[in-house]
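A.B. asks: Provided herewith: my_file32.cif, mmCIF, N, CA and C atoms.
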```cif
data_run
loop_
_atom_site.label_atom_id
_atom_site.label_comp_id
_atom_site.auth_asym_id
_atom_site.auth_seq_id
_atom_site.Cartn_x
_atom_site.Cartn_y
_atom_site.Cartn_z
N MET A 1 -54.20 -72.53 13.89
CA MET A 1 -54.69 -72.50 12.53
C MET A 1 -54.52 -73.87 11.86
N SER A 2 -53.38 -74.52 12.11
CA SER A 2 -53.14 -75.81 11.45
C SER A 2 -54.17 -76.86 11.86
N PHE A 3 -54.70 -76.77 13.08
CA PHE A 3 -55.71 -77.73 13.53
C PHE A 3 -56.96 -77.62 12.65
N LEU A 4 -57.40 -76.39 12.39
CA LEU A 4 -58.57 -76.17 11.53
C LEU A 4 -58.29 -76.64 10.10
N LEU A 5 -57.14 -76.24 9.57
CA LEU A 5 -56.79 -76.62 8.20
C LEU A 5 -56.69 -78.13 8.05
N ASP A 6 -56.04 -78.80 8.99
CA ASP A 6 -55.91 -80.25 8.91
C ASP A 6 -57.28 -80.93 8.92
N GLY A 7 -58.21 -80.39 9.68
CA GLY A 7 -59.58 -80.93 9.69
C GLY A 7 -60.23 -80.80 8.32
N TYR A 8 -60.03 -79.66 7.66
CA TYR A 8 -60.56 -79.47 6.31
C TYR A 8 -59.90 -80.43 5.32
N TYR A 9 -58.58 -80.57 5.40
CA TYR A 9 -57.88 -81.47 4.48
C TYR A 9 -58.41 -82.90 4.64
N ARG A 10 -58.59 -83.35 5.89
CA ARG A 10 -59.10 -84.70 6.13
C ARG A 10 -60.51 -84.87 5.54
N LYS A 11 -61.33 -83.85 5.72
CA LYS A 11 -62.73 -83.93 5.31
C LYS A 11 -62.91 -83.84 3.79
N TYR A 12 -62.17 -82.93 3.14
CA TYR A 12 -62.45 -82.64 1.73
C TYR A 12 -61.45 -83.24 0.74
N LEU A 13 -60.29 -83.63 1.17
CA LEU A 13 -59.31 -84.22 0.25
C LEU A 13 -59.22 -85.72 0.51
N LYS A 14 -60.32 -86.40 0.27
CA LYS A 14 -60.44 -87.81 0.61
C LYS A 14 -59.52 -88.72 -0.20
N HIS A 15 -59.08 -88.28 -1.37
CA HIS A 15 -58.22 -89.10 -2.21
C HIS A 15 -56.73 -88.83 -1.96
N TYR A 16 -56.44 -88.09 -0.88
CA TYR A 16 -55.06 -87.71 -0.57
C TYR A 16 -54.73 -88.00 0.88
N HIS A 17 -53.47 -88.35 1.12
CA HIS A 17 -52.90 -88.33 2.45
C HIS A 17 -52.21 -86.98 2.57
N PHE A 18 -52.08 -86.47 3.76
CA PHE A 18 -51.32 -85.23 3.92
C PHE A 18 -50.38 -85.34 5.09
N LYS A 19 -49.27 -84.63 4.95
CA LYS A 19 -48.26 -84.60 6.01
C LYS A 19 -47.88 -83.15 6.24
N ARG A 20 -48.09 -82.67 7.45
CA ARG A 20 -47.70 -81.31 7.81
C ARG A 20 -46.20 -81.29 8.07
N ILE A 21 -45.51 -80.30 7.53
CA ILE A 21 -44.06 -80.21 7.62
C ILE A 21 -43.67 -79.27 8.76
N SER A 22 -42.82 -79.74 9.66
CA SER A 22 -42.34 -78.90 10.76
C SER A 22 -40.85 -78.57 10.61
N ASN A 23 -40.18 -79.25 9.68
CA ASN A 23 -38.76 -79.04 9.43
C ASN A 23 -38.53 -77.65 8.84
N LEU A 24 -37.75 -76.81 9.51
CA LEU A 24 -37.54 -75.42 9.08
C LEU A 24 -36.92 -75.33 7.69
N LYS A 25 -35.97 -76.21 7.39
CA LYS A 25 -35.32 -76.19 6.07
C LYS A 25 -36.35 -76.40 4.96
N GLN A 26 -37.25 -77.37 5.14
CA GLN A 26 -38.28 -77.62 4.14
C GLN A 26 -39.27 -76.45 4.06
N GLN A 27 -39.61 -75.88 5.21
CA GLN A 27 -40.53 -74.73 5.20
C GLN A 27 -39.92 -73.56 4.45
N LEU A 28 -38.62 -73.33 4.62
CA LEU A 28 -37.94 -72.26 3.90
C LEU A 28 -37.87 -72.54 2.39
N GLN A 29 -38.03 -73.80 2.02
CA GLN A 29 -38.08 -74.17 0.60
C GLN A 29 -39.50 -74.05 0.04
N GLY A 30 -40.43 -73.56 0.87
CA GLY A 30 -41.81 -73.37 0.42
C GLY A 30 -42.68 -74.60 0.57
N ILE A 31 -42.38 -75.44 1.55
CA ILE A 31 -43.17 -76.65 1.77
C ILE A 31 -43.72 -76.64 3.20
N ASP A 32 -45.03 -76.39 3.31
CA ASP A 32 -45.70 -76.47 4.62
C ASP A 32 -46.46 -77.78 4.77
N LEU A 33 -46.79 -78.37 3.62
CA LEU A 33 -47.65 -79.54 3.61
C LEU A 33 -47.30 -80.37 2.38
N ILE A 34 -47.33 -81.70 2.52
CA ILE A 34 -47.16 -82.57 1.36
C ILE A 34 -48.46 -83.37 1.21
N LEU A 35 -49.09 -83.21 0.06
CA LEU A 35 -50.28 -84.00 -0.27
C LEU A 35 -49.82 -85.16 -1.15
N THR A 36 -50.27 -86.36 -0.83
CA THR A 36 -49.93 -87.54 -1.62
C THR A 36 -51.22 -88.20 -2.10
N ARG A 37 -51.35 -88.30 -3.42
CA ARG A 37 -52.53 -88.95 -3.99
C ARG A 37 -52.50 -90.43 -3.62
N LYS A 38 -53.59 -90.93 -3.06
CA LYS A 38 -53.63 -92.30 -2.54
C LYS A 38 -53.37 -93.34 -3.62
N LEU A 39 -53.96 -93.20 -4.80
CA LEU A 39 -53.81 -94.22 -5.84
C LEU A 39 -52.44 -94.20 -6.51
N SER A 40 -52.00 -93.02 -6.94
CA SER A 40 -50.76 -92.94 -7.72
C SER A 40 -49.51 -92.69 -6.87
N LYS A 41 -49.71 -92.31 -5.61
CA LYS A 41 -48.60 -91.97 -4.70
C LYS A 41 -47.86 -90.70 -5.14
N LYS A 42 -48.42 -89.94 -6.09
CA LYS A 42 -47.81 -88.69 -6.54
C LYS A 42 -47.90 -87.66 -5.42
N GLU A 43 -46.77 -86.98 -5.18
CA GLU A 43 -46.71 -85.98 -4.12
C GLU A 43 -46.80 -84.56 -4.69
N PHE A 44 -47.41 -83.70 -3.91
CA PHE A 44 -47.53 -82.28 -4.25
C PHE A 44 -47.06 -81.45 -3.06
N MET A 45 -46.14 -80.51 -3.33
CA MET A 45 -45.60 -79.65 -2.29
C MET A 45 -46.48 -78.39 -2.19
N ILE A 46 -47.00 -78.15 -0.99
CA ILE A 46 -47.95 -77.06 -0.76
C ILE A 46 -47.34 -76.02 0.17
N ASP A 47 -47.48 -74.75 -0.20
CA ASP A 47 -47.07 -73.63 0.65
C ASP A 47 -48.34 -72.92 1.09
N GLU A 48 -48.63 -72.94 2.38
CA GLU A 48 -49.83 -72.29 2.90
C GLU A 48 -49.56 -70.81 3.13
N LYS A 49 -50.47 -69.98 2.64
CA LYS A 49 -50.38 -68.53 2.79
C LYS A 49 -51.70 -68.06 3.38
N ALA A 50 -51.65 -67.49 4.58
CA ALA A 50 -52.87 -67.12 5.30
C ALA A 50 -52.96 -65.62 5.55
N GLN A 51 -54.17 -65.10 5.46
CA GLN A 51 -54.44 -63.68 5.75
C GLN A 51 -54.67 -63.51 7.26
N LEU A 52 -53.66 -63.79 8.04
CA LEU A 52 -53.80 -63.76 9.50
C LEU A 52 -53.92 -62.35 10.07
N ASP A 53 -53.59 -61.34 9.28
CA ASP A 53 -53.77 -59.96 9.75
C ASP A 53 -55.20 -59.47 9.56
N TYR A 54 -56.05 -60.30 8.99
CA TYR A 54 -57.41 -59.88 8.67
C TYR A 54 -58.44 -60.87 9.20
N ILE A 55 -58.29 -61.26 10.45
CA ILE A 55 -59.22 -62.19 11.08
C ILE A 55 -60.61 -61.56 11.13
N ASN A 56 -61.61 -62.38 10.87
CA ASN A 56 -63.03 -61.98 10.85
C ASN A 56 -63.35 -61.01 9.73
N ASN A 57 -62.57 -61.08 8.65
CA ASN A 57 -62.84 -60.32 7.43
C ASN A 57 -62.73 -61.26 6.25
N ASP A 58 -63.52 -61.01 5.22
CA ASP A 58 -63.46 -61.80 3.99
C ASP A 58 -63.00 -60.87 2.88
N LEU A 59 -61.68 -60.70 2.77
CA LEU A 59 -61.12 -59.80 1.75
C LEU A 59 -61.25 -60.43 0.37
N PRO A 60 -61.60 -59.63 -0.64
CA PRO A 60 -61.77 -60.17 -1.99
C PRO A 60 -60.47 -60.20 -2.79
N THR A 61 -59.32 -60.23 -2.12
CA THR A 61 -58.04 -60.16 -2.81
C THR A 61 -56.98 -60.94 -2.05
N PHE A 62 -55.86 -61.18 -2.71
CA PHE A 62 -54.73 -61.84 -2.06
C PHE A 62 -53.45 -61.29 -2.66
N ALA A 63 -52.45 -61.03 -1.86
CA ALA A 63 -51.18 -60.48 -2.34
C ALA A 63 -50.15 -61.59 -2.49
N PHE A 64 -49.47 -61.61 -3.64
CA PHE A 64 -48.39 -62.55 -3.89
C PHE A 64 -47.08 -61.78 -3.77
N GLU A 65 -46.17 -62.28 -2.97
CA GLU A 65 -44.93 -61.57 -2.67
C GLU A 65 -43.95 -61.64 -3.84
N VAL A 66 -43.67 -60.47 -4.44
CA VAL A 66 -42.72 -60.36 -5.54
C VAL A 66 -41.35 -59.99 -4.98
N GLN A 67 -41.36 -59.10 -3.99
CA GLN A 67 -40.12 -58.61 -3.41
C GLN A 67 -40.42 -58.12 -2.00
N TYR A 68 -39.41 -58.16 -1.12
CA TYR A 68 -39.55 -57.61 0.22
C TYR A 68 -38.22 -56.98 0.60
N GLN A 69 -38.23 -56.23 1.69
CA GLN A 69 -36.99 -55.58 2.15
C GLN A 69 -36.55 -56.21 3.46
N LYS A 70 -35.24 -56.47 3.54
CA LYS A 70 -34.64 -56.95 4.78
C LYS A 70 -33.47 -56.03 5.09
N LYS A 71 -33.61 -55.32 6.21
CA LYS A 71 -32.59 -54.33 6.62
C LYS A 71 -32.30 -53.33 5.49
N GLY A 72 -33.36 -52.92 4.81
CA GLY A 72 -33.24 -51.91 3.76
C GLY A 72 -32.79 -52.43 2.41
N THR A 73 -32.56 -53.74 2.31
CA THR A 73 -32.09 -54.33 1.05
C THR A 73 -33.23 -55.14 0.42
N PRO A 74 -33.52 -54.89 -0.87
CA PRO A 74 -34.56 -55.67 -1.56
C PRO A 74 -34.16 -57.14 -1.66
N LYS A 75 -35.12 -58.01 -1.39
CA LYS A 75 -34.91 -59.46 -1.46
C LYS A 75 -35.98 -60.09 -2.36
N GLN A 76 -35.64 -61.23 -2.91
CA GLN A 76 -36.54 -62.00 -3.77
C GLN A 76 -37.76 -62.45 -2.98
N GLY A 77 -38.95 -62.16 -3.49
CA GLY A 77 -40.19 -62.64 -2.87
C GLY A 77 -40.44 -64.09 -3.25
N TRP A 78 -41.41 -64.71 -2.62
CA TRP A 78 -41.62 -66.14 -2.81
C TRP A 78 -42.28 -66.51 -4.13
N LEU A 79 -43.02 -65.61 -4.77
CA LEU A 79 -43.74 -65.98 -5.99
C LEU A 79 -42.81 -66.44 -7.10
N PHE A 80 -41.77 -65.68 -7.39
CA PHE A 80 -40.87 -66.00 -8.50
C PHE A 80 -39.56 -66.66 -8.05
N ASP A 81 -39.45 -67.03 -6.80
CA ASP A 81 -38.22 -67.62 -6.27
C ASP A 81 -38.05 -69.03 -6.82
N THR A 82 -37.10 -69.20 -7.72
CA THR A 82 -36.88 -70.50 -8.38
C THR A 82 -36.30 -71.55 -7.43
N GLN A 83 -35.84 -71.13 -6.25
CA GLN A 83 -35.31 -72.08 -5.27
C GLN A 83 -36.42 -72.77 -4.48
N LYS A 84 -37.62 -72.19 -4.53
CA LYS A 84 -38.75 -72.78 -3.80
C LYS A 84 -39.20 -74.06 -4.49
N LYS A 85 -39.62 -75.04 -3.71
CA LYS A 85 -40.10 -76.31 -4.25
C LYS A 85 -41.63 -76.36 -4.32
N THR A 86 -42.26 -75.23 -4.03
CA THR A 86 -43.71 -75.13 -4.01
C THR A 86 -44.31 -75.50 -5.36
N GLU A 87 -45.33 -76.36 -5.32
CA GLU A 87 -46.10 -76.68 -6.54
C GLU A 87 -47.48 -76.04 -6.50
N PHE A 88 -48.04 -75.91 -5.30
CA PHE A 88 -49.34 -75.28 -5.12
C PHE A 88 -49.29 -74.35 -3.92
N TYR A 89 -50.00 -73.25 -4.02
CA TYR A 89 -50.23 -72.39 -2.87
C TYR A 89 -51.61 -72.74 -2.32
N ALA A 90 -51.72 -72.86 -1.01
CA ALA A 90 -53.01 -72.97 -0.34
C ALA A 90 -53.26 -71.59 0.25
N LEU A 91 -54.12 -70.83 -0.42
CA LEU A 91 -54.44 -69.47 0.02
C LEU A 91 -55.56 -69.55 1.04
N ILE A 92 -55.28 -69.16 2.27
CA ILE A 92 -56.25 -69.25 3.35
C ILE A 92 -56.80 -67.85 3.61
N THR A 93 -58.09 -67.69 3.33
CA THR A 93 -58.75 -66.39 3.45
C THR A 93 -60.03 -66.56 4.28
N ALA A 94 -60.70 -65.45 4.50
CA ALA A 94 -61.96 -65.45 5.25
C ALA A 94 -61.82 -66.26 6.54
N ILE A 95 -60.77 -65.95 7.29
CA ILE A 95 -60.48 -66.67 8.54
C ILE A 95 -61.34 -66.04 9.65
N TYR A 96 -62.15 -66.87 10.28
CA TYR A 96 -63.02 -66.39 11.35
C TYR A 96 -62.71 -67.12 12.64
N GLY A 97 -62.90 -66.41 13.75
CA GLY A 97 -62.67 -67.00 15.06
C GLY A 97 -63.39 -66.20 16.12
N ASN A 98 -63.75 -66.86 17.20
CA ASN A 98 -64.45 -66.21 18.30
C ASN A 98 -63.51 -65.63 19.35
N GLU A 99 -62.34 -66.24 19.49
CA GLU A 99 -61.35 -65.82 20.47
C GLU A 99 -59.99 -65.73 19.78
N PRO A 100 -59.05 -65.00 20.36
CA PRO A 100 -57.71 -64.94 19.77
C PRO A 100 -57.10 -66.34 19.61
N ASN A 101 -56.52 -66.59 18.45
CA ASN A 101 -55.88 -67.87 18.12
C ASN A 101 -56.81 -69.08 18.19
N THR A 102 -58.12 -68.86 18.15
CA THR A 102 -59.09 -69.93 18.07
C THR A 102 -59.93 -69.69 16.82
N TYR A 103 -59.65 -70.48 15.79
CA TYR A 103 -60.27 -70.25 14.49
C TYR A 103 -61.40 -71.25 14.28
N THR A 104 -62.50 -70.76 13.71
CA THR A 104 -63.68 -71.59 13.54
C THR A 104 -63.97 -71.93 12.09
N SER A 105 -63.53 -71.09 11.15
CA SER A 105 -63.76 -71.38 9.74
C SER A 105 -62.82 -70.55 8.87
N CYS A 106 -62.67 -70.99 7.63
CA CYS A 106 -61.86 -70.27 6.66
C CYS A 106 -62.16 -70.83 5.27
N LYS A 107 -61.64 -70.16 4.27
CA LYS A 107 -61.70 -70.65 2.89
C LYS A 107 -60.27 -71.02 2.50
N ILE A 108 -60.15 -72.12 1.74
CA ILE A 108 -58.85 -72.54 1.22
C ILE A 108 -58.97 -72.64 -0.30
N THR A 109 -58.10 -71.91 -1.00
CA THR A 109 -58.06 -71.97 -2.46
C THR A 109 -56.70 -72.50 -2.86
N LEU A 110 -56.68 -73.62 -3.58
CA LEU A 110 -55.42 -74.18 -4.06
C LEU A 110 -55.11 -73.59 -5.43
N VAL A 111 -53.88 -73.06 -5.58
CA VAL A 111 -53.44 -72.42 -6.81
C VAL A 111 -52.19 -73.12 -7.31
N ASN A 112 -52.22 -73.59 -8.55
CA ASN A 112 -51.07 -74.23 -9.17
C ASN A 112 -50.04 -73.15 -9.50
N ARG A 113 -48.88 -73.23 -8.90
CA ARG A 113 -47.86 -72.19 -9.04
C ARG A 113 -47.40 -72.03 -10.49
N LYS A 114 -47.08 -73.12 -11.17
CA LYS A 114 -46.62 -73.04 -12.56
C LYS A 114 -47.68 -72.42 -13.46
N LYS A 115 -48.93 -72.83 -13.27
CA LYS A 115 -50.01 -72.29 -14.10
C LYS A 115 -50.23 -70.81 -13.82
N LEU A 116 -50.10 -70.39 -12.56
CA LEU A 116 -50.24 -68.98 -12.22
C LEU A 116 -49.17 -68.15 -12.91
N ILE A 117 -47.91 -68.59 -12.81
CA ILE A 117 -46.81 -67.84 -13.42
C ILE A 117 -46.96 -67.81 -14.94
N SER A 118 -47.38 -68.91 -15.54
CA SER A 118 -47.62 -68.96 -16.99
C SER A 118 -48.75 -68.01 -17.38
N PHE A 119 -49.82 -68.00 -16.60
CA PHE A 119 -50.94 -67.10 -16.83
C PHE A 119 -50.47 -65.64 -16.83
N LEU A 120 -49.66 -65.29 -15.83
CA LEU A 120 -49.14 -63.93 -15.74
C LEU A 120 -48.22 -63.61 -16.92
N GLU A 121 -47.32 -64.52 -17.26
CA GLU A 121 -46.39 -64.30 -18.37
C GLU A 121 -47.13 -64.13 -19.69
N ASN A 122 -48.20 -64.89 -19.92
CA ASN A 122 -48.99 -64.75 -21.14
C ASN A 122 -49.64 -63.38 -21.25
N ARG A 123 -49.75 -62.69 -20.15
CA ARG A 123 -50.31 -61.34 -20.13
C ARG A 123 -49.21 -60.29 -19.95
N LYS A 124 -47.97 -60.72 -20.19
CA LYS A 124 -46.78 -59.84 -20.11
C LYS A 124 -46.54 -59.30 -18.71
N ILE A 125 -47.01 -60.04 -17.71
CA ILE A 125 -46.77 -59.67 -16.31
C ILE A 125 -45.67 -60.59 -15.81
N THR A 126 -44.43 -60.14 -15.96
CA THR A 126 -43.27 -60.94 -15.59
C THR A 126 -42.65 -60.41 -14.31
N GLU A 127 -41.72 -61.17 -13.78
CA GLU A 127 -40.99 -60.72 -12.59
C GLU A 127 -40.28 -59.40 -12.86
N THR A 128 -39.62 -59.31 -14.02
CA THR A 128 -38.90 -58.09 -14.39
C THR A 128 -39.86 -56.90 -14.48
N CYS A 129 -40.99 -57.10 -15.13
CA CYS A 129 -42.00 -56.04 -15.27
C CYS A 129 -42.47 -55.56 -13.90
N LEU A 130 -42.76 -56.49 -13.01
CA LEU A 130 -43.26 -56.13 -11.68
C LEU A 130 -42.19 -55.42 -10.85
N LYS A 131 -40.94 -55.87 -10.95
CA LYS A 131 -39.85 -55.22 -10.20
C LYS A 131 -39.65 -53.79 -10.70
N CYS A 132 -39.77 -53.57 -12.02
CA CYS A 132 -39.67 -52.18 -12.55
C CYS A 132 -40.79 -51.33 -12.00
N PHE A 133 -41.98 -51.91 -11.94
CA PHE A 133 -43.13 -51.19 -11.40
C PHE A 133 -42.89 -50.80 -9.94
N ILE A 134 -42.34 -51.73 -9.17
CA ILE A 134 -42.04 -51.48 -7.75
C ILE A 134 -41.00 -50.36 -7.62
N GLU A 135 -39.93 -50.46 -8.41
CA GLU A 135 -38.86 -49.46 -8.35
C GLU A 135 -39.37 -48.07 -8.73
N ASN A 136 -40.23 -47.99 -9.74
CA ASN A 136 -40.76 -46.70 -10.18
C ASN A 136 -41.78 -46.13 -9.20
N ALA A 137 -42.42 -47.00 -8.42
CA ALA A 137 -43.40 -46.54 -7.45
C ALA A 137 -42.74 -45.99 -6.19
N ALA A 138 -41.50 -46.39 -5.94
CA ALA A 138 -40.79 -45.98 -4.72
C ALA A 138 -40.32 -44.55 -4.76
#
```
As structure tokens - that is how I would like this structure written.

C.D. replies:
Amino acid sequence: MSFLLDGYYRKYLKHYHFKRISNLKQQLQGIDLILTRKLSKKEFMIDEKAQLDYINNDLPTFAFEVQYQKKGTPKQGWLFDTQKKTEFYALITAIYGNEPNTYTSCKITLVNRKKLISFLENRKITETCLKCFIENAA
């Protein structure tokens, strides 16, 4: 998948350099890719999120992780995790391929994390609100 994505980044983000992150510690901090603007040298930390369970489908939605369970214990999801260094999510959808693990096309949508959280909060959709919803649904 990274081969296809890197090709898109090279082709469409002409004003940026990019560096794919392989360091596990940085990946756990929500950094899969660092984009650096060529003129200003400003860096942006990108967390790639791909719909890999839906190959050859173009789903009209994307799920943001609020909470997950590990060994039966609720854990903080990545969306509201203040320890993450993510500045943008690269949402990879509509992933198509002819053979297993051979991808031919996809869509990439860059989402500003701070703006997304602010947008949700302005509509009273907070982490606390969502966790209550999850608890009541269980």

A.B. asks: Check what the PyMOL selection byres (((chain A and resi 110-118 and name CA) around 7) and name CA) selects in the file above and give those residues as an NGL selection string.

C.D. replies: :A and (87-91 or 108-109 or 119-122)

A.B. asks: Can you turn the PyMOL selection byres (((chain A and resi 77 and name CA) around 6) and name CA) into a concrete residue list for this file, as a list in words?

C.D. replies: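 With the PyMOL selection byres (((chain A and resi 77 and name CA) around 6) and name CA) on this model, the match is Glu65, Val66, Gln67, Tyr68, Gln76, Trp78 and Leu79 of chain A.
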
A.B. asks: Apply the PyMOL selection byres ((chain A and resi 18) around 7) to the structure shown and report the selected residues as an MDAnalysis selection string.

C.D. replies: chainID A and resid 16:17 19:20 33:36

A.B. asks: Measuring atom to atom with only C-alpha atoms, identify which of A:Ile55, A:Lys70, A:Lys85, A:Pro100 is nearest to Gln29 of chain A.

C.D. replies: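 Using only C-alpha atoms, Gln29 of chain A sits closest to A:Lys85.
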
A.B. asks: Going by DSSP on the backbone, which residues of chain A come out as alpha helix (DSSP H)? List them as a ChimeraX atom specification.

C.D. replies: /A:2-12,24-28,113-122,127-137

A.B. asks: Smallest atom-to-atom distance to Asp47 of chain A: which of A:Thr86, A:Gln69, A:Thr61, A:Thr104, using only N, CA and C atoms?

C.D. replies: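 Ranked by minimum distance to Asp47 of chain A, first place goes to A:Thr86.
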
A.B. asks: As an exercise, work out the distance from atom C of Asp53 of chain A to atom C of Phe3 of chain A in Å and give it to one decimal place.

C.D. replies: 18.5 Å

A.B. asks: Separation of atom CA of Arg37 of chain A and atom CA of Arg10 of chain A, in Å?

C.D. replies: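 Calculated distance between atom CA of Arg37 of chain A and atom CA of Arg10 of chain A is 12.8 Å.
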
A.B. asks: Suppose you want the space between atom CA of Ile31 of chain A and atom CA of Met45 of chain A; what is it in Å?

C.D. replies: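 Between atom CA of Ile31 of chain A and atom CA of Met45 of chain A the gap is 5.6 Å.
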
A.B. asks: Take every atom of segment 48-61 of chain A listed in the file, pad by 8 Å on each side, and give me the axis-aligned box centre and edge lengths in Å, one decimal, as lines of an AutoDock Vina configuration file.

C.D. replies:
```
center_x = -56.1
center_y = -66.2
center_z = 4.2
size_x = 30.9
size_y = 29.5
size_z = 29.9
```

A.B. asks: Report as an mmCIF file with N, CA and C atoms, in the coordinates of the input all protein, DNA and RNA residues lying within 12 Å of Asn101 of chain A, evaluated on only C-alpha atoms, omitting residues in the same chain fewer than 5 positions from it.

C.D. replies:
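What follows is the written file around-v2.cif:
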```
data_model
loop_
_atom_site.group_PDB
_atom_site.id
_atom_site.type_symbol
_atom_site.label_atom_id
_atom_site.label_comp_id
_atom_site.auth_asym_id
_atom_site.auth_seq_id
_atom_site.Cartn_x
_atom_site.Cartn_y
_atom_site.Cartn_z
ATOM 1 N N MET A 1 -54.200 -72.530 13.890
ATOM 2 C CA MET A 1 -54.690 -72.500 12.530
ATOM 3 C C MET A 1 -54.520 -73.870 11.860
ATOM 4 N N SER A 2 -53.380 -74.520 12.110
ATOM 5 C CA SER A 2 -53.140 -75.810 11.450
ATOM 6 C C SER A 2 -54.170 -76.860 11.860
ATOM 7 N N PHE A 3 -54.700 -76.770 13.080
ATOM 8 C CA PHE A 3 -55.710 -77.730 13.530
ATOM 9 C C PHE A 3 -56.960 -77.620 12.650
ATOM 10 N N LEU A 4 -57.400 -76.390 12.390
ATOM 11 C CA LEU A 4 -58.570 -76.170 11.530
ATOM 12 C C LEU A 4 -58.290 -76.640 10.100
ATOM 13 N N LEU A 52 -53.660 -63.790 8.040
ATOM 14 C CA LEU A 52 -53.800 -63.760 9.500
ATOM 15 C C LEU A 52 -53.920 -62.350 10.070
ATOM 16 N N ASP A 53 -53.590 -61.340 9.280
ATOM 17 C CA ASP A 53 -53.770 -59.960 9.750
ATOM 18 C C ASP A 53 -55.200 -59.470 9.560
ATOM 19 N N ILE A 55 -58.290 -61.260 10.450
ATOM 20 C CA ILE A 55 -59.220 -62.190 11.080
ATOM 21 C C ILE A 55 -60.610 -61.560 11.130
ATOM 22 N N ASN A 56 -61.610 -62.380 10.870
ATOM 23 C CA ASN A 56 -63.030 -61.980 10.850
ATOM 24 C C ASN A 56 -63.350 -61.010 9.730
ATOM 25 N N ILE A 95 -60.770 -65.950 7.290
ATOM 26 C CA ILE A 95 -60.480 -66.670 8.540
ATOM 27 C C ILE A 95 -61.340 -66.040 9.650
ATOM 28 N N TYR A 96 -62.150 -66.870 10.280
ATOM 29 C CA TYR A 96 -63.020 -66.390 11.350
ATOM 30 C C TYR A 96 -62.710 -67.120 12.640
#
```

A.B. asks: Nearest residue to Glu48 of chain A out of A:Lys71, A:Phe64, A:Cys106, A:Gly30, using all atoms listed in the file?

C.D. replies: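 The shortest atom-to-atom distance to Glu48 of chain A comes from A:Gly30.
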
A.B. asks: From a DSSP pass on the backbone, collect the residues of segment 45-109 of chain A flagged as strand (DSSP E or B) and hand them back as number ranges by chain.

C.D. replies: A: 45-50, 67-70, 73-76, 88-99, 102-109
